[in-house]
Structure formats: structure tokens, C-alpha cells
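Single-structure report; data block below.
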Amino acid sequence: MLIIGITGSIAMGKSTAASMLSKLNIPIHDADKTVHQLFRKNGGAYNSIAKIFPETVGKNGVDRIRLGREVFGNPDRLAQLENIVHPLVSNARDKFIQGHRRRKSKLVILDVPLLYETGGDKGCDKVMVVSAPAFLQKQRALSRPNMSLKKFSDILSHQIPNREKCKRADYVIQTGLGKAYTYCVLKRIIYKLRTKKAYEADLEK
């Protein structure tokens, strides 16, 4: 089974690219969706966060906006949060992979915003990096609710620079040239990966 990681810095278009991949009938483990589930009232991270960040929780779970205000620009508090969340996300990812190995899936996608930053690329056979021009990235990011230039800068400071990610990637997916272009590129890559996997399987028979 091929394990393909997809990642990209903030506002590069990773979520859009991942949505396109799901239309190609590929199983996808979304790390951010997993975090949302962990932050629910009965989620796996709720109690631990409530103890360390009590002002960020409410009747419906963890308030991500309040939590963001607590940790951004505060490395110690951010490290505390990461020590809670990262092991739980890793466990969910491992269960996803094991489940698809049992089902004999040929290809799975790991959608991880901080793939390189957390060393998750070591568990992938190939990595796609979603990229766009810096001006477009900034424009997209600042159009988001509750985003400011300072918050945008803080987020970038905790991410490996885009140019470095692109150098390390097996595939760079450009999202600044229109959705149709991005989708065509993704389809071409997936076709090549599926064909290569089928060819290697035939050789092993």
C-alpha cells in the first residue's frame, strides 16, 4: 500500500486539493478533522485541555479561537498543547493506516498541515506539497475570519518555509493557476502512482 502525504503552509490551498483527491475515491485521513473530533465535549483531548487551558473550553467543547489566542506567540503553552494533541492524532492516523492495510487498499492519503514539522513525512512513500505565490497566500489568509497580519506571521513562524517544503517534496501542486489546472495535475499524479503500484504488484506475482 502506498502512503502519500499531502501538506502545505497556511492558505496554500491544501484543503481544496484534498477535496479533489477525495473525488478520485482515495481514502484520506484528515489530521485537522481529527483534531476537531478530539476537541469535542467527549473528544479524546477535551479533558486534558480543560485542565491546562480551562478558559478555552465550554459546553460544546474546546473553543479553537480562544485556544489559538492562548498558544500563538507563546512557545511554552504551544508545546503543552502539542504534547496533548500530537500523540492522539498519530494514534488515529496509525489506526487508519492499519485498517486500510487489512482491507488491502492500494493507496491512501495523509492530509497533514504540519507533515514536515512533525516528522510525519518519514512514514510516507511520497509527499505532495501544495503551493501558491506568496501574495496569493497572504491574500487568502487575511480573508479568513479572525485572522490578522500578526497572527498570520505567527503561524508562518512555526511552519517550515514554503520553498524548503517544495525542495523536499516529490510533487509540488500549484494552486494559483485555477482549480481546473490543480485537479488535472492531481489526476495525472494519482494515475501514475496507481499504474506504478499495479506494475510492481504484477512483478511480485
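Labels for the C-alpha cells follow display order: chains A, B, ..., residues from 1 in each chain, ligands from 1.
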
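DSSP secondary structure from the backbone places Arg40, Val57, Gly58, Gly61, Val62, Leu107, Val108, Ile109, Leu110, Asp111, Lys126, Val127, Met128, Val129, Val130, Ser131, Tyr171, Val172, Ile173 and Gln174 of chain A of stretch 31-203 of chain A in strand (DSSP E or B).
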
A:Ala169 environment, 9 Å, only C-alpha atoms, sequence neighbours closer than 6 positions dropped, as a ChimeraX atom specification: /A:126-129

Shell around stretch 175-190 of chain A at 12 Å using only C-alpha atoms, local window under 2 positions removed, as a ChimeraX atom specification: /A:2-4,6,8,11-26,106-109,126-137,139-140,170-173,192-197

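The smallest atom-to-atom distance between A:His36 and any of A:Asp63, A:Glu55, A:Asp125, A:Glu82, using only C-alpha atoms, is found for A:Asp63.
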
Atom CA of A:Arg64 to atom CA of A:Gln159, straight-line distance in Å: 18.8 Å

Atomic distance atom CA of A:Asn146 - atom CA of A:Val112, expressed in Å with one decimal: 22.1 Å

Long-range neighbours of A:Val71 as a ChimeraX atom specification, 10 Å cut-off, only C-alpha atoms, 5 positions minimum in chain: /A:53,66,76-82

For the residues selected in the previous step, produce a file with all heavy atoms as an mmCIF file, in the first residue's frame.
data_model
loop_
_atom_site.group_PDB
_atom_site.id
_atom_site.type_symbol
_atom_site.label_atom_id
_atom_site.label_comp_id
_atom_site.auth_asym_id
_atom_site.auth_seq_id
_atom_site.Cartn_x
_atom_site.Cartn_y
_atom_site.Cartn_z
ATOM 1 N N PHE A 53 -5.846 24.393 29.987
ATOM 2 C CA PHE A 53 -6.370 25.631 29.382
ATOM 3 C C PHE A 53 -7.856 25.767 29.731
ATOM 4 O O PHE A 53 -8.716 25.770 28.831
ATOM 5 C CB PHE A 53 -6.202 25.602 27.862
ATOM 6 C CG PHE A 53 -4.798 25.357 27.370
ATOM 7 C CD1 PHE A 53 -4.369 24.070 27.053
ATOM 8 C CD2 PHE A 53 -3.896 26.407 27.222
ATOM 9 C CE1 PHE A 53 -3.092 23.843 26.581
ATOM 10 C CE2 PHE A 53 -2.607 26.183 26.755
ATOM 11 C CZ PHE A 53 -2.196 24.895 26.439
ATOM 12 N N ARG A 66 -10.261 30.790 21.103
ATOM 13 C CA ARG A 66 -9.675 31.118 22.405
ATOM 14 C C ARG A 66 -8.361 30.372 22.614
ATOM 15 O O ARG A 66 -7.391 30.929 23.139
ATOM 16 C CB ARG A 66 -10.647 30.754 23.524
ATOM 17 C CG ARG A 66 -11.872 31.640 23.624
ATOM 18 C CD ARG A 66 -12.738 31.216 24.794
ATOM 19 N NE ARG A 66 -13.964 32.005 24.884
ATOM 20 C CZ ARG A 66 -14.921 31.781 25.763
ATOM 21 N NH1 ARG A 66 -14.802 30.785 26.639
ATOM 22 N NH2 ARG A 66 -16.002 32.524 25.782
ATOM 23 N N ASP A 76 5.956 27.991 25.115
ATOM 24 C CA ASP A 76 5.739 27.022 26.203
ATOM 25 C C ASP A 76 4.312 26.496 26.204
ATOM 26 O O ASP A 76 4.083 25.287 26.357
ATOM 27 C CB ASP A 76 6.061 27.663 27.560
ATOM 28 C CG ASP A 76 7.539 27.968 27.724
ATOM 29 O OD1 ASP A 76 8.352 27.312 27.033
ATOM 30 O OD2 ASP A 76 7.881 28.850 28.525
ATOM 31 N N ARG A 77 3.359 27.396 26.034
ATOM 32 C CA ARG A 77 1.958 26.989 26.011
ATOM 33 C C ARG A 77 1.659 26.160 24.750
ATOM 34 O O ARG A 77 0.898 25.182 24.797
ATOM 35 C CB ARG A 77 1.036 28.212 26.058
ATOM 36 C CG ARG A 77 1.144 29.019 27.317
ATOM 37 C CD ARG A 77 0.562 28.280 28.512
ATOM 38 N NE ARG A 77 -0.863 28.580 28.683
ATOM 39 C CZ ARG A 77 -1.643 27.957 29.558
ATOM 40 N NH1 ARG A 77 -1.148 26.974 30.285
ATOM 41 N NH2 ARG A 77 -2.915 28.273 29.660
ATOM 42 N N LEU A 78 2.266 26.532 23.641
ATOM 43 C CA LEU A 78 2.091 25.781 22.402
ATOM 44 C C LEU A 78 2.627 24.359 22.560
ATOM 45 O O LEU A 78 1.995 23.389 22.122
ATOM 46 C CB LEU A 78 2.790 26.485 21.240
ATOM 47 C CG LEU A 78 2.690 25.797 19.874
ATOM 48 C CD1 LEU A 78 1.232 25.680 19.441
ATOM 49 C CD2 LEU A 78 3.499 26.558 18.829
ATOM 50 N N ALA A 79 3.783 24.230 23.209
ATOM 51 C CA ALA A 79 4.373 22.907 23.436
ATOM 52 C C ALA A 79 3.461 22.044 24.306
ATOM 53 O O ALA A 79 3.318 20.837 24.068
ATOM 54 C CB ALA A 79 5.746 23.051 24.084
ATOM 55 N N GLN A 80 2.821 22.656 25.298
ATOM 56 C CA GLN A 80 1.891 21.915 26.147
ATOM 57 C C GLN A 80 0.730 21.370 25.327
ATOM 58 O O GLN A 80 0.324 20.215 25.498
ATOM 59 C CB GLN A 80 1.349 22.831 27.263
ATOM 60 C CG GLN A 80 2.334 23.126 28.379
ATOM 61 C CD GLN A 80 1.710 24.028 29.435
ATOM 62 O OE1 GLN A 80 1.255 25.129 29.158
ATOM 63 N NE2 GLN A 80 1.663 23.540 30.669
ATOM 64 N N LEU A 81 0.212 22.210 24.445
ATOM 65 C CA LEU A 81 -0.894 21.787 23.599
ATOM 66 C C LEU A 81 -0.464 20.668 22.647
ATOM 67 O O LEU A 81 -1.180 19.670 22.483
ATOM 68 C CB LEU A 81 -1.431 22.975 22.805
ATOM 69 C CG LEU A 81 -2.567 22.673 21.821
ATOM 70 C CD1 LEU A 81 -3.789 22.147 22.567
ATOM 71 C CD2 LEU A 81 -2.916 23.921 21.017
ATOM 72 N N GLU A 82 0.693 20.833 22.043
ATOM 73 C CA GLU A 82 1.183 19.822 21.100
ATOM 74 C C GLU A 82 1.416 18.484 21.788
ATOM 75 O O GLU A 82 1.174 17.418 21.196
ATOM 76 C CB GLU A 82 2.470 20.313 20.439
ATOM 77 C CG GLU A 82 2.229 21.458 19.455
ATOM 78 C CD GLU A 82 3.513 22.020 18.890
ATOM 79 O OE1 GLU A 82 4.593 21.788 19.504
ATOM 80 O OE2 GLU A 82 3.455 22.708 17.848
#

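Here atom CA of A:Ser9 is placed at a distance of 11.8 Å from atom CA of A:Ser153.
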
Backbone-only DSSP, alpha helix (DSSP H) members of stretch 50-173 of chain A, as an MDAnalysis selection string: chainID A and resid 50:52 64:71 75:102 134:142 149:157 162:168

Exercise: A:Leu38 partners within 12 Å, only C-alpha atoms, chain neighbours under 6 positions left out, as a PyMOL selection string: chain A and resi 31-32+44-49+60-64+84-89+91-92

With N, CA, C and O atoms retained, could you export that selection as a PDB file, in the first residue's frame?
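And here is the file that came out, part-v6.pdb:
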ATOM      1  N   ALA A  31      -5.911  15.152   9.252  1.00  0.00           N
ATOM      2  CA  ALA A  31      -5.426  15.425  10.609  1.00  0.00           C
ATOM      3  C   ALA A  31      -6.226  16.539  11.267  1.00  0.00           C
ATOM      4  O   ALA A  31      -6.507  16.485  12.472  1.00  0.00           O
ATOM      5  N   ASP A  32      -6.608  17.557  10.487  1.00  0.00           N
ATOM      6  CA  ASP A  32      -7.343  18.679  11.066  1.00  0.00           C
ATOM      7  C   ASP A  32      -8.747  18.258  11.506  1.00  0.00           C
ATOM      8  O   ASP A  32      -9.230  18.677  12.557  1.00  0.00           O
ATOM      9  N   GLY A  44     -11.213  12.985  22.733  1.00  0.00           N
ATOM     10  CA  GLY A  44     -10.072  12.461  23.466  1.00  0.00           C
ATOM     11  C   GLY A  44      -9.151  13.496  24.083  1.00  0.00           C
ATOM     12  O   GLY A  44      -8.423  13.197  25.030  1.00  0.00           O
ATOM     13  N   ALA A  45      -9.167  14.719  23.563  1.00  0.00           N
ATOM     14  CA  ALA A  45      -8.270  15.759  24.079  1.00  0.00           C
ATOM     15  C   ALA A  45      -8.966  16.715  25.042  1.00  0.00           C
ATOM     16  O   ALA A  45      -8.303  17.529  25.691  1.00  0.00           O
ATOM     17  N   TYR A  46     -10.287  16.613  25.132  1.00  0.00           N
ATOM     18  CA  TYR A  46     -11.053  17.626  25.869  1.00  0.00           C
ATOM     19  C   TYR A  46     -10.625  17.741  27.335  1.00  0.00           C
ATOM     20  O   TYR A  46     -10.343  18.846  27.823  1.00  0.00           O
ATOM     21  N   ASN A  47     -10.589  16.630  28.052  1.00  0.00           N
ATOM     22  CA  ASN A  47     -10.292  16.687  29.486  1.00  0.00           C
ATOM     23  C   ASN A  47      -8.902  17.241  29.771  1.00  0.00           C
ATOM     24  O   ASN A  47      -8.711  18.035  30.703  1.00  0.00           O
ATOM     25  N   SER A  48      -7.923  16.815  28.976  1.00  0.00           N
ATOM     26  CA  SER A  48      -6.550  17.296  29.183  1.00  0.00           C
ATOM     27  C   SER A  48      -6.443  18.786  28.919  1.00  0.00           C
ATOM     28  O   SER A  48      -5.760  19.516  29.655  1.00  0.00           O
ATOM     29  N   ILE A  49      -7.112  19.258  27.867  1.00  0.00           N
ATOM     30  CA  ILE A  49      -7.082  20.683  27.558  1.00  0.00           C
ATOM     31  C   ILE A  49      -7.819  21.471  28.626  1.00  0.00           C
ATOM     32  O   ILE A  49      -7.394  22.568  29.022  1.00  0.00           O
ATOM     33  N   ASN A  60     -19.781  23.027  24.550  1.00  0.00           N
ATOM     34  CA  ASN A  60     -19.729  22.312  23.274  1.00  0.00           C
ATOM     35  C   ASN A  60     -18.341  21.776  22.936  1.00  0.00           C
ATOM     36  O   ASN A  60     -18.137  21.198  21.875  1.00  0.00           O
ATOM     37  N   GLY A  61     -17.388  21.997  23.844  1.00  0.00           N
ATOM     38  CA  GLY A  61     -16.034  21.515  23.591  1.00  0.00           C
ATOM     39  C   GLY A  61     -15.018  22.635  23.686  1.00  0.00           C
ATOM     40  O   GLY A  61     -15.252  23.656  24.340  1.00  0.00           O
ATOM     41  N   VAL A  62     -13.892  22.428  23.024  1.00  0.00           N
ATOM     42  CA  VAL A  62     -12.806  23.417  23.058  1.00  0.00           C
ATOM     43  C   VAL A  62     -13.079  24.514  22.035  1.00  0.00           C
ATOM     44  O   VAL A  62     -13.412  24.250  20.882  1.00  0.00           O
ATOM     45  N   ASP A  63     -12.939  25.748  22.461  1.00  0.00           N
ATOM     46  CA  ASP A  63     -13.076  26.898  21.566  1.00  0.00           C
ATOM     47  C   ASP A  63     -11.717  27.141  20.911  1.00  0.00           C
ATOM     48  O   ASP A  63     -10.777  27.611  21.559  1.00  0.00           O
ATOM     49  N   ARG A  64     -11.616  26.821  19.647  1.00  0.00           N
ATOM     50  CA  ARG A  64     -10.324  26.896  18.955  1.00  0.00           C
ATOM     51  C   ARG A  64      -9.805  28.327  18.847  1.00  0.00           C
ATOM     52  O   ARG A  64      -8.594  28.550  18.831  1.00  0.00           O
ATOM     53  N   ILE A  84      -0.303  17.250  24.065  1.00  0.00           N
ATOM     54  CA  ILE A  84      -1.618  16.617  24.238  1.00  0.00           C
ATOM     55  C   ILE A  84      -2.134  16.078  22.906  1.00  0.00           C
ATOM     56  O   ILE A  84      -2.561  14.927  22.801  1.00  0.00           O
ATOM     57  N   VAL A  85      -2.076  16.934  21.895  1.00  0.00           N
ATOM     58  CA  VAL A  85      -2.768  16.646  20.641  1.00  0.00           C
ATOM     59  C   VAL A  85      -2.003  15.709  19.707  1.00  0.00           C
ATOM     60  O   VAL A  85      -2.581  14.771  19.142  1.00  0.00           O
ATOM     61  N   HIS A  86      -0.705  15.932  19.533  1.00  0.00           N
ATOM     62  CA  HIS A  86       0.044  15.171  18.532  1.00  0.00           C
ATOM     63  C   HIS A  86      -0.003  13.656  18.741  1.00  0.00           C
ATOM     64  O   HIS A  86      -0.222  12.908  17.778  1.00  0.00           O
ATOM     65  N   PRO A  87       0.179  13.148  19.968  1.00  0.00           N
ATOM     66  CA  PRO A  87       0.097  11.686  20.141  1.00  0.00           C
ATOM     67  C   PRO A  87      -1.279  11.120  19.792  1.00  0.00           C
ATOM     68  O   PRO A  87      -1.373  10.016  19.238  1.00  0.00           O
ATOM     69  N   LEU A  88      -2.334  11.862  20.090  1.00  0.00           N
ATOM     70  CA  LEU A  88      -3.685  11.396  19.788  1.00  0.00           C
ATOM     71  C   LEU A  88      -3.942  11.374  18.283  1.00  0.00           C
ATOM     72  O   LEU A  88      -4.560  10.438  17.757  1.00  0.00           O
ATOM     73  N   VAL A  89      -3.457  12.387  17.583  1.00  0.00           N
ATOM     74  CA  VAL A  89      -3.604  12.423  16.124  1.00  0.00           C
ATOM     75  C   VAL A  89      -2.786  11.300  15.492  1.00  0.00           C
ATOM     76  O   VAL A  89      -3.248  10.628  14.555  1.00  0.00           O
ATOM     77  N   ASN A  91      -2.031   8.433  16.818  1.00  0.00           N
ATOM     78  CA  ASN A  91      -2.723   7.176  17.087  1.00  0.00           C
ATOM     79  C   ASN A  91      -3.879   6.967  16.112  1.00  0.00           C
ATOM     80  O   ASN A  91      -4.067   5.859  15.581  1.00  0.00           O
ATOM     81  N   ALA A  92      -4.650   8.025  15.855  1.00  0.00           N
ATOM     82  CA  ALA A  92      -5.763   7.934  14.905  1.00  0.00           C
ATOM     83  C   ALA A  92      -5.251   7.644  13.495  1.00  0.00           C
ATOM     84  O   ALA A  92      -5.850   6.846  12.755  1.00  0.00           O
TER      85      ALA A  92
END

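In terms of minimum interatomic distance to A:Cys166, A:Tyr116 ranks closest within A:Ile28, A:Met147, A:Cys124, A:Tyr116, counting only C-alpha atoms.
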